Amino acid sequence: EDRIVIIGAGHAGVQLAASLREAGHRGPLTLISQESALPYQRPPLSKDFVAAYADAEPLALRPEDFYRGVDLVSGARAESIDRAARVIRLDDGTLLGYDRLVFATGARNRPLPCEGGELQGVLGLRTLQDAQSLQRRLNEARRVVVIGAGFIGLEFAAAARARGLEVTVLEFAQRPLGRAASEPLSSWFLQAHSDNGIDLRCGEGVRRIRQTGSGLEVDSAAGSYPADLVVYGIGVQPNSDLAEDCGLACENGILVDEALQTSDPRIFAIGDCASFPLAGKRVRLESVQNANDQARTLAHTLTGVPQAYAELPWFWSAQGEHRLQIAGLSTTGDEPVILGAPQTGKFSIALFREGMLVAVESVNKPADHIAARKLLGSGAPVTAAMVQASASLKDLLRN
Ligand code: FAD
């Protein structure tokens, strides 16, 4: 009998369970989740869920009856692994044996490194529980300070603004979305959020948060900002401690090869917790696409049809009324070419490295995004001259 155990029932873990059953795995299949809610989708937590008022329901990843065919152990944390005996110990002392084990443990928020990070009313946003506490506090709050202008910080800021709150965003770096977006895209979003009434300040690291008589006060080098609620989104760290403790190779995530296998041939890792080789580099991606596609690929391998993971990364973010979609992976130094007119609010930015297209960022231009995924996914070389000579990315696809 082939017992497969998956630790973590987020996007990656649940997709893997579904894909394993579809691919014909008939043996025992266990999903261990340290959260007690029915496994749910994370992206809405910083978008529609914030914008909704009382008691919004999370969106389930799969309906409840899906778990009839999968053994879901909820509210249980995998605490240690004995690789020689192939046994997992849960926090309530239960022992679970496995033939093959998959880490789909995701990531957790980096804690705020400044004084006051632990005060009441200072919250991160990763889990349903976080989102529910935030939602309760949003009903009473008037002024919100967001620390970090990454995707989650800005999505939350826009959703809070839509509820009519006063929103200040403090970002340590010189531009918003600096880790994942090109410079022109950052500038456009800085303007869009400012036009929407969000006070977005870059180059302002937070020094400390203080409790005052009426609420909180956030101090940066440049000023002090009063708040009823402080939300931070300053990045995540992979949940790789358990893997490290049982001796698996880890470095910014659990190290896997192109088959998503760790340094132990019976153990695999997928999703936010996995560091994998892609186009000659080692990457760890934090996206639903990556979690789902790695799960699908691994399901083939685990059911006897080995596959290497090589899917094109893509990502989306909804910031207020603007939908951003990114195909491919860009890095600083890539050459941007603007397609369309940014002032209309619908445009794309094509990014080139050594003259070749590597990524496309699209704002409110879903057709460009779809074409970019096809173009980049085909592996055919696309130069800046080719893009500039054609009417649209879709047009280029036809030729
Ligand atoms: P997770 O979804 O984090 O699931 C891992 C699970 O494992 C968690 O439930 C965790 O508690 C559990 N776990 C960890 N350790 C243990 C243990 N020892 N025992 C038992 N259980 C354990 N991506 C996009 O592409 N687009 C978006 O718009 C977008 N928006 C987002 C908004 C928010 C607020 C957040 C937090 C993330 C967003 N993401 C978005 C990122 C996306 O949600 C993640 O990339 C995705 O959830 C990764 O899936 P995962 O299964 O690897 O990890």
# chains A, B, ... in the order shown; residues from 1 in each chain; ligands from 1
>>> closest_atom_pairs(of="chain A", to="ligand 1", cutoff="6 Å", atoms="only C-alpha atoms and all ligand atoms", output="JSON lines")
{"residue": "A:Ile7", "atom": "CA", "partner": "ligand 1", "partner_atom_place_in_ligand_line": "20 (C)", "distance": 5.3}
{"residue": "A:Gly8", "atom": "CA", "partner": "ligand 1", "partner_atom_place_in_ligand_line": "7 (O)", "distance": 3.2}
{"residue": "A:Ala9", "atom": "CA", "partner": "ligand 1", "partner_atom_place_in_ligand_line": "6 (C)", "distance": 5.0}
{"residue": "A:Gly10", "atom": "CA", "partner": "ligand 1", "partner_atom_place_in_ligand_line": "4 (O)", "distance": 3.3}
{"residue": "A:His11", "atom": "CA", "partner": "ligand 1", "partner_atom_place_in_ligand_line": "51 (O)", "distance": 3.9}
{"residue": "A:Ala12", "atom": "CA", "partner": "ligand 1", "partner_atom_place_in_ligand_line": "51 (O)", "distance": 3.6}
{"residue": "A:Gly13", "atom": "CA", "partner": "ligand 1", "partner_atom_place_in_ligand_line": "51 (O)", "distance": 5.4}
{"residue": "A:Ile32", "atom": "CA", "partner": "ligand 1", "partner_atom_place_in_ligand_line": "20 (C)", "distance": 5.1}
{"residue": "A:Ser33", "atom": "CA", "partner": "ligand 1", "partner_atom_place_in_ligand_line": "21 (N)", "distance": 4.0}
{"residue": "A:Gln34", "atom": "CA", "partner": "ligand 1", "partner_atom_place_in_ligand_line": "21 (N)", "distance": 3.9}
{"residue": "A:Glu35", "atom": "CA", "partner": "ligand 1", "partner_atom_place_in_ligand_line": "11 (O)", "distance": 5.4}
{"residue": "A:Arg42", "atom": "CA", "partner": "ligand 1", "partner_atom_place_in_ligand_line": "43 (O)", "distance": 4.5}
{"residue": "A:Pro43", "atom": "CA", "partner": "ligand 1", "partner_atom_place_in_ligand_line": "30 (N)", "distance": 3.4}
{"residue": "A:Leu45", "atom": "CA", "partner": "ligand 1", "partner_atom_place_in_ligand_line": "34 (C)", "distance": 4.7}
{"residue": "A:Ser46", "atom": "CA", "partner": "ligand 1", "partner_atom_place_in_ligand_line": "34 (C)", "distance": 4.4}
{"residue": "A:Ala76", "atom": "CA", "partner": "ligand 1", "partner_atom_place_in_ligand_line": "20 (C)", "distance": 5.9}
{"residue": "A:Arg77", "atom": "CA", "partner": "ligand 1", "partner_atom_place_in_ligand_line": "19 (N)", "distance": 3.6}
{"residue": "A:Ala78", "atom": "CA", "partner": "ligand 1", "partner_atom_place_in_ligand_line": "19 (N)", "distance": 3.9}
{"residue": "A:Glu79", "atom": "CA", "partner": "ligand 1", "partner_atom_place_in_ligand_line": "18 (N)", "distance": 5.8}
{"residue": "A:Ala104", "atom": "CA", "partner": "ligand 1", "partner_atom_place_in_ligand_line": "51 (O)", "distance": 5.3}
{"residue": "A:Thr105", "atom": "CA", "partner": "ligand 1", "partner_atom_place_in_ligand_line": "7 (O)", "distance": 3.7}
{"residue": "A:Gly106", "atom": "CA", "partner": "ligand 1", "partner_atom_place_in_ligand_line": "53 (O)", "distance": 3.2}
{"residue": "A:Ala107", "atom": "CA", "partner": "ligand 1", "partner_atom_place_in_ligand_line": "3 (O)", "distance": 5.2}
{"residue": "A:Leu125", "atom": "CA", "partner": "ligand 1", "partner_atom_place_in_ligand_line": "34 (C)", "distance": 5.6}
{"residue": "A:Arg126", "atom": "CA", "partner": "ligand 1", "partner_atom_place_in_ligand_line": "36 (C)", "distance": 3.8}
{"residue": "A:Ile152", "atom": "CA", "partner": "ligand 1", "partner_atom_place_in_ligand_line": "32 (C)", "distance": 5.7}
{"residue": "A:Asn239", "atom": "CA", "partner": "ligand 1", "partner_atom_place_in_ligand_line": "15 (N)", "distance": 5.9}
{"residue": "A:Gly271", "atom": "CA", "partner": "ligand 1", "partner_atom_place_in_ligand_line": "52 (O)", "distance": 3.4}
{"residue": "A:Asp272", "atom": "CA", "partner": "ligand 1", "partner_atom_place_in_ligand_line": "52 (O)", "distance": 3.9}
{"residue": "A:Cys273", "atom": "CA", "partner": "ligand 1", "partner_atom_place_in_ligand_line": "52 (O)", "distance": 5.9}
{"residue": "A:Glu286", "atom": "CA", "partner": "ligand 1", "partner_atom_place_in_ligand_line": "45 (O)", "distance": 3.8}
{"residue": "A:Ser287", "atom": "CA", "partner": "ligand 1", "partner_atom_place_in_ligand_line": "45 (O)", "distance": 3.4}
{"residue": "A:Val288", "atom": "CA", "partner": "ligand 1", "partner_atom_place_in_ligand_line": "25 (O)", "distance": 4.0}
{"residue": "A:Gln289", "atom": "CA", "partner": "ligand 1", "partner_atom_place_in_ligand_line": "25 (O)", "distance": 5.8}
{"residue": "A:Ala291", "atom": "CA", "partner": "ligand 1", "partner_atom_place_in_ligand_line": "49 (O)", "distance": 5.1}
{"residue": "A:Phe315", "atom": "CA", "partner": "ligand 1", "partner_atom_place_in_ligand_line": "25 (O)", "distance": 4.6}
{"residue": "A:Trp316", "atom": "CA", "partner": "ligand 1", "partner_atom_place_in_ligand_line": "26 (N)", "distance": 4.8}
{"residue": "A:Ser317", "atom": "CA", "partner": "ligand 1", "partner_atom_place_in_ligand_line": "28 (O)", "distance": 4.3}
>>> write_last_selection(atoms="C-alpha atoms", output="PDB file, in the first residue's frame")
ATOM      1  CA  ILE A   7       1.537  18.445   5.482  1.00  0.00           C
ATOM      2  CA  GLY A   8      -0.417  21.675   4.889  1.00  0.00           C
ATOM      3  CA  ALA A   9      -3.898  22.062   3.389  1.00  0.00           C
ATOM      4  CA  GLY A  10      -3.460  25.365   1.582  1.00  0.00           C
ATOM      5  CA  HIS A  11      -3.577  25.902  -2.187  1.00  0.00           C
ATOM      6  CA  ALA A  12      -0.743  23.446  -2.890  1.00  0.00           C
ATOM      7  CA  GLY A  13      -1.765  20.666  -0.488  1.00  0.00           C
ATOM      8  CA  ILE A  32      -2.658  17.558   7.832  1.00  0.00           C
ATOM      9  CA  SER A  33      -3.785  21.107   8.522  1.00  0.00           C
ATOM     10  CA  GLN A  34      -2.838  23.150  11.534  1.00  0.00           C
ATOM     11  CA  GLU A  35      -5.719  25.505  10.733  1.00  0.00           C
ATOM     12  CA  ARG A  42      -6.123  33.058   0.567  1.00  0.00           C
ATOM     13  CA  PRO A  43      -6.221  35.755  -2.173  1.00  0.00           C
ATOM     14  CA  LEU A  45      -8.480  37.803   2.315  1.00  0.00           C
ATOM     15  CA  SER A  46      -6.761  41.044   1.315  1.00  0.00           C
ATOM     16  CA  ALA A  76      -3.307  19.408  14.017  1.00  0.00           C
ATOM     17  CA  ARG A  77       0.280  20.500  13.658  1.00  0.00           C
ATOM     18  CA  ALA A  78       2.946  18.109  12.374  1.00  0.00           C
ATOM     19  CA  GLU A  79       5.649  18.504  14.993  1.00  0.00           C
ATOM     20  CA  ALA A 104       3.024  21.955   1.419  1.00  0.00           C
ATOM     21  CA  THR A 105       3.566  24.043   4.532  1.00  0.00           C
ATOM     22  CA  GLY A 106       3.496  27.464   2.850  1.00  0.00           C
ATOM     23  CA  ALA A 107       4.934  30.532   4.497  1.00  0.00           C
ATOM     24  CA  LEU A 125      -2.610  39.212   7.233  1.00  0.00           C
ATOM     25  CA  ARG A 126      -1.983  35.611   6.237  1.00  0.00           C
ATOM     26  CA  ILE A 152      -0.806  42.454   0.218  1.00  0.00           C
ATOM     27  CA  ASN A 239       7.697  27.225   6.771  1.00  0.00           C
ATOM     28  CA  GLY A 271       4.199  25.777  -3.119  1.00  0.00           C
ATOM     29  CA  ASP A 272       5.443  28.724  -1.062  1.00  0.00           C
ATOM     30  CA  CYS A 273       7.750  26.532   1.065  1.00  0.00           C
ATOM     31  CA  GLU A 286       4.608  32.887  -3.658  1.00  0.00           C
ATOM     32  CA  SER A 287       1.626  32.506  -5.960  1.00  0.00           C
ATOM     33  CA  VAL A 288      -1.477  30.418  -6.462  1.00  0.00           C
ATOM     34  CA  GLN A 289      -0.289  29.469  -9.965  1.00  0.00           C
ATOM     35  CA  ALA A 291       1.180  26.151  -5.795  1.00  0.00           C
ATOM     36  CA  PHE A 315       0.474  36.126 -10.978  1.00  0.00           C
ATOM     37  CA  TRP A 316      -2.422  38.495 -10.394  1.00  0.00           C
ATOM     38  CA  SER A 317      -3.268  41.195  -7.892  1.00  0.00           C
TER      39      SER A 317
END
>>> residues_around(residues="Ile370 in chain A", least_positions_apart="3", cutoff="10 Å", atoms="only C-alpha atoms", output="mmCIF file with N, CA and C atoms, in the first residue's frame")
data_model
loop_
_atom_site.group_PDB
_atom_site.id
_atom_site.type_symbol
_atom_site.label_atom_id
_atom_site.label_comp_id
_atom_site.auth_asym_id
_atom_site.auth_seq_id
_atom_site.Cartn_x
_atom_site.Cartn_y
_atom_site.Cartn_z
ATOM 1 N N GLN A 325 -1.887 41.866 -13.793
ATOM 2 C CA GLN A 325 -1.535 40.472 -14.104
ATOM 3 C C GLN A 325 -0.096 40.447 -14.618
ATOM 4 N N ILE A 326 0.676 39.522 -14.135
ATOM 5 C CA ILE A 326 2.079 39.448 -14.542
ATOM 6 C C ILE A 326 2.359 38.055 -15.096
ATOM 7 N N ALA A 327 2.961 38.015 -16.295
ATOM 8 C CA ALA A 327 3.392 36.735 -16.876
ATOM 9 C C ALA A 327 4.904 36.746 -16.934
ATOM 10 N N SER A 362 0.569 43.535 -16.990
ATOM 11 C CA SER A 362 -0.600 44.136 -17.624
ATOM 12 C C SER A 362 -1.530 44.741 -16.574
ATOM 13 N N LYS A 365 -5.672 44.890 -18.621
ATOM 14 C CA LYS A 365 -5.521 44.441 -20.018
ATOM 15 C C LYS A 365 -5.423 42.921 -20.055
ATOM 16 N N PRO A 366 -6.508 42.234 -19.735
ATOM 17 C CA PRO A 366 -6.445 40.772 -19.686
ATOM 18 C C PRO A 366 -6.034 40.129 -21.014
ATOM 19 N N ALA A 367 -6.389 40.748 -22.130
ATOM 20 C CA ALA A 367 -6.043 40.147 -23.432
ATOM 21 C C ALA A 367 -4.525 40.118 -23.608
ATOM 22 N N ARG A 373 1.207 35.108 -21.861
ATOM 23 C CA ARG A 373 1.427 33.759 -21.325
ATOM 24 C C ARG A 373 1.673 32.762 -22.442
ATOM 25 N N LYS A 374 0.919 32.960 -23.538
ATOM 26 C CA LYS A 374 1.118 32.042 -24.672
ATOM 27 C C LYS A 374 2.489 32.261 -25.304
ATOM 28 N N LEU A 375 2.839 33.543 -25.511
ATOM 29 C CA LEU A 375 4.123 33.860 -26.134
ATOM 30 C C LEU A 375 5.289 33.345 -25.305
ATOM 31 N N LEU A 393 0.178 42.365 -28.581
ATOM 32 C CA LEU A 393 0.827 41.089 -28.279
ATOM 33 C C LEU A 393 0.064 39.946 -28.939
ATOM 34 N N LYS A 394 -1.257 40.107 -28.997
ATOM 35 C CA LYS A 394 -2.101 39.084 -29.605
ATOM 36 C C LYS A 394 -1.773 38.936 -31.093
#
>>> select_by_dssp(residues="range 46-244 of chain A", states="strand (DSSP E)", output="ChimeraX atom specification")
/A:71-74,78-82,87-90,95-97,100-103,107-109,122-124,143-147,166-171,199-202,206-211,216-220,224-227,229-232,236-238
>>> write_last_selection(atoms="C-alpha atoms", output="mmCIF file, in the first residue's frame")
data_model
loop_
_atom_site.group_PDB
_atom_site.id
_atom_site.type_symbol
_atom_site.label_atom_id
_atom_site.label_comp_id
_atom_site.auth_asym_id
_atom_site.auth_seq_id
_atom_site.Cartn_x
_atom_site.Cartn_y
_atom_site.Cartn_z
ATOM 1 C CA ASP A 71 -8.456 12.033 5.195
ATOM 2 C CA LEU A 72 -8.309 15.658 6.398
ATOM 3 C CA VAL A 73 -6.794 15.994 9.864
ATOM 4 C CA SER A 74 -7.655 19.574 10.903
ATOM 5 C CA ALA A 78 2.946 18.109 12.374
ATOM 6 C CA GLU A 79 5.649 18.504 14.993
ATOM 7 C CA SER A 80 8.436 16.116 14.109
ATOM 8 C CA ILE A 81 9.376 13.535 11.516
ATOM 9 C CA ASP A 82 11.347 10.351 11.987
ATOM 10 C CA VAL A 87 6.601 8.407 10.953
ATOM 11 C CA ILE A 88 5.196 11.878 11.618
ATOM 12 C CA ARG A 89 4.321 12.969 15.129
ATOM 13 C CA LEU A 90 1.447 15.436 15.512
ATOM 14 C CA LEU A 95 1.797 9.044 15.102
ATOM 15 C CA LEU A 96 1.182 8.789 11.368
ATOM 16 C CA GLY A 97 3.153 6.523 9.064
ATOM 17 C CA ARG A 100 5.735 9.226 0.630
ATOM 18 C CA LEU A 101 5.533 12.602 2.311
ATOM 19 C CA VAL A 102 4.892 16.048 0.827
ATOM 20 C CA PHE A 103 5.623 19.381 2.460
ATOM 21 C CA ALA A 107 4.934 30.532 4.497
ATOM 22 C CA ARG A 108 4.266 32.799 7.448
ATOM 23 C CA ASN A 109 4.475 36.550 7.842
ATOM 24 C CA VAL A 122 -1.123 45.726 15.137
ATOM 25 C CA LEU A 123 -1.924 42.844 12.810
ATOM 26 C CA GLY A 124 -0.487 40.822 9.953
ATOM 27 C CA ARG A 143 -7.622 55.651 10.476
ATOM 28 C CA VAL A 144 -5.426 52.799 9.272
ATOM 29 C CA VAL A 145 -1.668 52.726 8.827
ATOM 30 C CA VAL A 146 -0.335 50.012 6.511
ATOM 31 C CA ILE A 147 3.336 49.087 6.844
ATOM 32 C CA GLU A 166 -8.258 57.205 6.042
ATOM 33 C CA VAL A 167 -5.284 55.158 4.872
ATOM 34 C CA THR A 168 -1.567 55.868 5.148
ATOM 35 C CA VAL A 169 0.963 53.426 3.704
ATOM 36 C CA LEU A 170 4.580 53.559 4.872
ATOM 37 C CA GLU A 171 7.175 51.842 2.691
ATOM 38 C CA ASP A 199 -1.284 58.681 1.561
ATOM 39 C CA LEU A 200 1.469 56.433 0.178
ATOM 40 C CA ARG A 201 4.930 57.371 1.476
ATOM 41 C CA CYS A 202 8.082 55.688 0.221
ATOM 42 C CA VAL A 206 8.913 52.468 10.675
ATOM 43 C CA ARG A 207 10.942 53.039 13.854
ATOM 44 C CA ARG A 208 8.366 52.121 16.475
ATOM 45 C CA ILE A 209 4.679 51.893 17.270
ATOM 46 C CA ARG A 210 3.362 53.410 20.484
ATOM 47 C CA GLN A 211 0.133 53.055 22.401
ATOM 48 C CA LEU A 216 -1.775 53.864 18.256
ATOM 49 C CA GLU A 217 0.922 56.090 16.845
ATOM 50 C CA VAL A 218 3.374 54.923 14.183
ATOM 51 C CA ASP A 219 6.731 56.720 14.127
ATOM 52 C CA SER A 220 8.999 56.864 11.093
ATOM 53 C CA SER A 224 4.248 60.315 13.325
ATOM 54 C CA TYR A 225 0.984 58.810 12.124
ATOM 55 C CA PRO A 226 -1.994 58.191 14.411
ATOM 56 C CA ALA A 227 -3.968 54.991 13.768
ATOM 57 C CA LEU A 229 -5.407 49.918 13.351
ATOM 58 C CA VAL A 230 -1.964 49.037 11.983
ATOM 59 C CA VAL A 231 -1.608 46.312 9.350
ATOM 60 C CA TYR A 232 1.770 45.098 8.194
ATOM 61 C CA VAL A 236 7.029 36.143 4.437
ATOM 62 C CA GLN A 237 9.391 33.408 5.495
ATOM 63 C CA PRO A 238 8.957 29.836 4.286
#
>>> closest_residue(among="A:Ala85, A:Val256, A:Leu128, A:Leu154", to="Ala60 in chain A", atoms="only C-alpha atoms")
A:Leu128
>>> residues_around(residues="Leu38 in chain A", least_positions_apart="2", cutoff="8 Å", atoms="only C-alpha atoms", output="ChimeraX atom specification")
/A:36,40,60,64
>>> residues_around(residues="range 3-6 of chain A", least_positions_apart="4", cutoff="6 Å", atoms="only C-alpha atoms", output="list in words")
Gly27, Pro28, Leu29, Thr30, Leu31, Tyr98, Asp99, Arg100, Leu101 and Val102 of chain A
>>> closest_residue(among="A:Leu260, A:Ala384, A:Ala372, A:Val363", to="Pro342 in chain A", atoms="only C-alpha atoms")
A:Val363
>>> residues_around(residues="Thr301 in chain A", least_positions_apart="4", cutoff="12 Å", atoms="only C-alpha atoms", output="VMD selection string")
chain A and resid 16 19 to 20 23 to 25 100 258 to 261 265 to 266 268 294 to 297 305 to 309
>>> select_by_dssp(residues="range 273-340 of chain A", states="helix (DSSP H, G or I)", output="ChimeraX atom specification")
/A:273,288-302
>>> closest_residue(among="A:Glu1, A:Pro381, A:Phe156, A:Gly93", to="Leu134 in chain A", atoms="only C-alpha atoms")
A:Phe156
>>> atom_distance(atom1="CA of Gly178 in chain A", atom2="CA of Phe151 in chain A")
9.9 Å
>>> residues_around(residues="Arg282 in chain A", least_positions_apart="4", cutoff="12 Å", atoms="only C-alpha atoms", output="list in words")
Cys250, Glu251, Asn252, Gly253, Ile254, Leu255, Val256, Asp257, Glu258, Ala274, Ser275, Phe276, Pro277 and Leu278 of chain A
>>> write_last_selection(atoms="C-alpha atoms", output="PDB file, in the first residue's frame")
ATOM      1  CA  CYS A 250      16.949  23.973   3.208  1.00  0.00           C
ATOM      2  CA  GLU A 251      17.978  27.456   2.167  1.00  0.00           C
ATOM      3  CA  ASN A 252      15.283  30.090   1.798  1.00  0.00           C
ATOM      4  CA  GLY A 253      12.797  27.221   1.629  1.00  0.00           C
ATOM      5  CA  ILE A 254      13.005  23.457   1.300  1.00  0.00           C
ATOM      6  CA  LEU A 255      15.432  22.600  -1.488  1.00  0.00           C
ATOM      7  CA  VAL A 256      13.952  20.425  -4.222  1.00  0.00           C
ATOM      8  CA  ASP A 257      15.120  19.327  -7.681  1.00  0.00           C
ATOM      9  CA  GLU A 258      13.151  19.687 -10.943  1.00  0.00           C
ATOM     10  CA  ALA A 274       9.747  25.062  -1.844  1.00  0.00           C
ATOM     11  CA  SER A 275      12.922  26.432  -3.407  1.00  0.00           C
ATOM     12  CA  PHE A 276      13.262  24.928  -6.885  1.00  0.00           C
ATOM     13  CA  PRO A 277      15.397  25.264 -10.024  1.00  0.00           C
ATOM     14  CA  LEU A 278      13.887  27.324 -12.849  1.00  0.00           C
TER      15      LEU A 278
END
>>> closest_residue(among="A:Ala389, A:Ala51, A:Leu397, A:Leu185", to="Arg136 in chain A", atoms="only C-alpha atoms")
A:Ala51
>>> closest_residue(among="A:Phe172, A:Gly233, A:Leu59, A:Ala180", to="Gly205 in chain A", atoms="only C-alpha atoms")
A:Phe172
>>> closest_residue(among="A:Ala221, A:Ala359, A:Ala341, A:Ala131", to="Ser182 in chain A", atoms="only C-alpha atoms")
A:Ala359
>>> residues_around(residues="range 329-338 of chain A", least_positions_apart="6", cutoff="6 Å", atoms="only C-alpha atoms", output="list in words")
Ile349, Ala350, Leu351, Phe352, Arg353 and Ala359 of chain A
>>> atom_distance(atom1="CA of Ala380 in chain A", atom2="CA of Leu357 in chain A")
9.6 Å
